[in-house]
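Here is the structure we will look at.
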Amino acid sequence: MSILVTPKTKILVQGITGSFGAKHTQLSLDYGTQVVAGVTPGKGGQTFDHGDKHVPIFDSVAQAVKESGATASVIFVPPPFAADSILEAVDAELDLVVCITEGIPVRDMVKVKRAMQGRKTRLIGPNCPGIVVPGEGKDSFGGCRIGICPGYINKKGHIGVVSRSGTLTYEAVWQLTCRGVGQSACVGIGGDPVNGSSHLDIIKMFNDDPETTGMIMIGEIGGSSEEEAAEWIKKNCRKPVAGFIAGATAPPGRRMGHAGAIISGGKGTAAAKIAAFKEAGIGVAKTPSEMADTLLKMM
Amino acid sequence: MNIHEYQAKQLLAQYGAAVPKGEACLTVDSARQYAEKLFASGEKIVIVKAQIHAGGRGKGTFTTGFKGGVKLCHSLDEVVQNATAMLGNVLVTKQTGPAGRKVNKLYVCTAAEIKKELYCAILLDRATSRPIFMASTEGGMDIEEVAAKTPEKIFKIAIDPAVGMMPFHGRKLAIALGLKGGLIGEAAKMFLALYKTWWECDASMVEINPLCVVAGQKGKDTLLAVDAKIGLDDNSLFRHPEIQAMRDLAEEAPLETEASKHELNYIKLDGNIACLVNGAGLAMATMDIIKHFGGEPANFLDVGGGASREQVTAAFQIIMSDPNVKGILVNIFGGIMQCDIIAAGIVDAAKVTHLNLPLVVRLEGNNSKLGKTILKDSGLPIISGDSMADAAQKIVEAVKNAKVAKKNAKAAK
């Protein structure tokens, strides 16, 4: 088992016919992921063709779920329509929705989060790179790739990676793979101030996953997601965790690329997060070049 | 996006909050004309306020030596004197940094007799993903200081976004603030108007500091938003063209504005080692690692996930317009993006910009070998870095050596 998905999980793609969605659907199919349906309202009945693969397109998520048996969805819909797409997937009772879209209005996400209370669907993102569960094949082929992560940098193994940032996740994964250490799952939770799943949500899953033996948690300035996870890890986590926090040199009051990466009112500084990590016994990588080595030393 | 005080008050008034009567003025003459109207309508005092996107204006000092960006005026002559001293001059406050901000606009408004100063604000509480309404009896003060020293003086209510703020929330806060009688209902009405402004405008923050109890007509006290600050969610501007029109480019750093035209995310810092990175997290981490090895980052620059050749060239031009920059570090993790395309972009950019500073490039990921070959074959003095740590050490070293060489050359002369 891995967390959230397995290589067998059936995925549907909302926004499959847009250029970004199409490109990454092709890459997921190339990786061997079970992409079973696409949704673009008005294009139901058409197919998304890539090589010998022909993915049926539906007008609604509900139809796609009924016909294809998909249990997870990935969203590549532009920001003004993304909240609607998330809630459509929730309404269709999917287990998992991964929203890649960057730039969704905060108010929309506040509404989405409220509307999802008490529903069975888990949301990852928005503004995230998605999930990779590496497969058994060459360059981890045959895995489940939901989103925009490069698949080939992964290797099947036992380390869980969770991060708010895309390229920093790839950096950590690549460091592990280059040292011959594989991953159980890599999860990008996204850089927005309001997101579906926190560091802690994912850390708990890794802690319960028998296939995961250690974790890398990557955080950045802004909010308190890292501190909350650290607090829980201190009391409950049975596995070694290494961490890195980006933004020690970021000026306060400025948004560093990600909508959520901002030190406001003296809160959310890298120093406070690093202190919380140390307090919780999390191995802190002094530089982003040492994320894998810091964990491996602890294991 | 931030807006000026006068614009924040326009928005608040639209949603039913009580604000002073006032107008934005671009010239001394228009300030005089508007003040004349206010005096003629019976006002005894008129206030002239410098409009810049920074707080602490009242206690600020102009680079001319003139003190104060907020002035109470008892006569038209005073209005003209103060407006003349402020307009076109640079105001330095504790929030502007030593460089200060040029004052291009004034807000001329009525003054009221203040009896009590309160504080209130609406923000997003990230831990609960809900808006939170904060109020305090300590108006006119720095709220962070109040939160640190006397947190019991701050009252907070989380709002359920499915229902919105209710009048009872407002009354609860008013009572906590010690308001009595008719002011309780009036405060509730004011608070609901602030919440409505936050919600309808897609604000990231609405702050009224101070919210004042002032002497109203017929000896009855009333409430007035004496100062106001609104920050807006950039992601939502597409559905608010009227708010987008409030953007004041004069308040933004010119290089940052230029970068945004090319869809680059650039923030200027004070160091001398520029960096160009794909991805916000990696860009922050690159700044950190420069600092870790003894250098100072000159900027944050995220070229995004799918940077084109044109964007890379534009990014180099922007970086090099900063006169402090003495070296450049390019850090690319080509997950999906292809390193050979980036490498070609770097070679182009180095040629177009006649680059004469040390440049260290670290390419990892898709087609990275081909990318490194392109850099090597370009004939340009580009230093290759193997890892982030290696690249950061090399650029810090190169900048240091260039400095020493320059010093030695000077000494030899």
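Every chain in the structure tokens has a letter given in the order shown (A, B, ...), and although residue numbers restart at 1 in each chain, ligands are simply numbered from 1 in the order shown.
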Let's see if you can do this: from backbone DSSP, list all alpha helix (DSSP H) residues in range 6-220 of chain B, as a ChimeraX atom specification. /B:6-14,28-40,76-86,143-149,167-176,182-200
Excluding same-chain residues fewer than 3 positions from range 262-269 of chain A, what lies within 9 Å of it counting only C-alpha atoms, as a VMD selection string? (chain A and resid 220 to 224 247 to 248 250 to 256 258 to 259 272 to 274) or (chain B and resid 143 to 144)
May I have the residues of chain B within 6 Å of chain A, counting only C-alpha atoms, written as JSON, numbers by chain? {"B": [129, 235, 236, 279, 280, 281, 282, 284, 285, 288, 289, 335, 336, 388, 389]}
If I take CA of Ala193 in chain B and CA of Met166 in chain B, how far is one from the other in Å, to one decimal?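 One can read the CA of Ala193 in chain B to CA of Met166 in chain B distance as 11.0 Å.
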Selection: 6 Å around range 304-306 of chain B, only C-alpha atoms, excl. self and same-chain fewer than 2 positions, as a PyMOL selection string: chain B and resi 278-279+302+337
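Contact shell of range 46-50 of chain A at 9 Å (only C-alpha atoms; same-chain neighbours under 4 positions omitted): Ile16, Thr17, Ala22, Thr25, Gln26, Leu29, Asp30, Ala37, Gly38, His54, Val55, Pro56, Ile57 and Phe58 of chain A.
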Quick one: of B:Asp234, B:Asp340, B:Asp142, B:Asp160, who's nearest to Asp125 in chain B, counting only C-alpha atoms? B:Asp160
Nearest to Ser68 in chain A, chosen from A:Ile282, A:Thr9, A:Ser19, A:Asp52, with only C-alpha atoms counted in the distances: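 Looking at the shortest contact to Ser68 in chain A, the residue is A:Thr9.
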All residues 10 Å or closer to Asn299 in chain B, only C-alpha atoms, same chain fewer than 5 positions away omitted, as an MDAnalysis selection string: (chainID A and resid 250) or (chainID B and resid 266:276 283:284 287 319 322 325)
Neighbouring residues of Ala276 in chain A were defined as those with any atom within 10 Å, considering only C-alpha atoms; residues of the same chain fewer than 6 positions away were excluded. Please report them as a tab-separated table (two decimals) with N, CA and C atoms, in the first residue's frame.
chain	number	residue	atom	x	y	z
A	226	GLU	N	3.31	23.99	9.24
A	226	GLU	CA	4.51	23.25	9.64
A	226	GLU	C	4.57	23.08	11.16
A	227	GLU	N	4.20	24.16	11.89
A	227	GLU	CA	4.23	24.11	13.35
A	227	GLU	C	3.22	23.09	13.87
A	228	GLU	N	2.02	23.07	13.24
A	228	GLU	CA	0.99	22.11	13.67
A	228	GLU	C	1.47	20.68	13.46
A	229	ALA	N	2.09	20.43	12.31
A	229	ALA	CA	2.60	19.09	12.03
A	229	ALA	C	3.69	18.71	13.03
A	230	ALA	N	4.58	19.67	13.32
A	230	ALA	CA	5.69	19.41	14.24
A	230	ALA	C	5.18	19.04	15.63
A	231	GLU	N	4.18	19.77	16.07
A	231	GLU	CA	3.57	19.53	17.39
A	231	GLU	C	3.05	18.08	17.49
A	234	LYS	N	5.95	15.42	17.38
A	234	LYS	CA	6.63	15.33	18.68
A	234	LYS	C	5.93	14.30	19.58
A	270	ALA	N	10.54	31.74	8.99
A	270	ALA	CA	11.30	30.50	8.87
A	270	ALA	C	11.91	30.14	10.22
A	282	ILE	N	12.62	16.78	14.66
A	282	ILE	CA	12.71	16.65	13.20
A	282	ILE	C	14.12	17.08	12.78
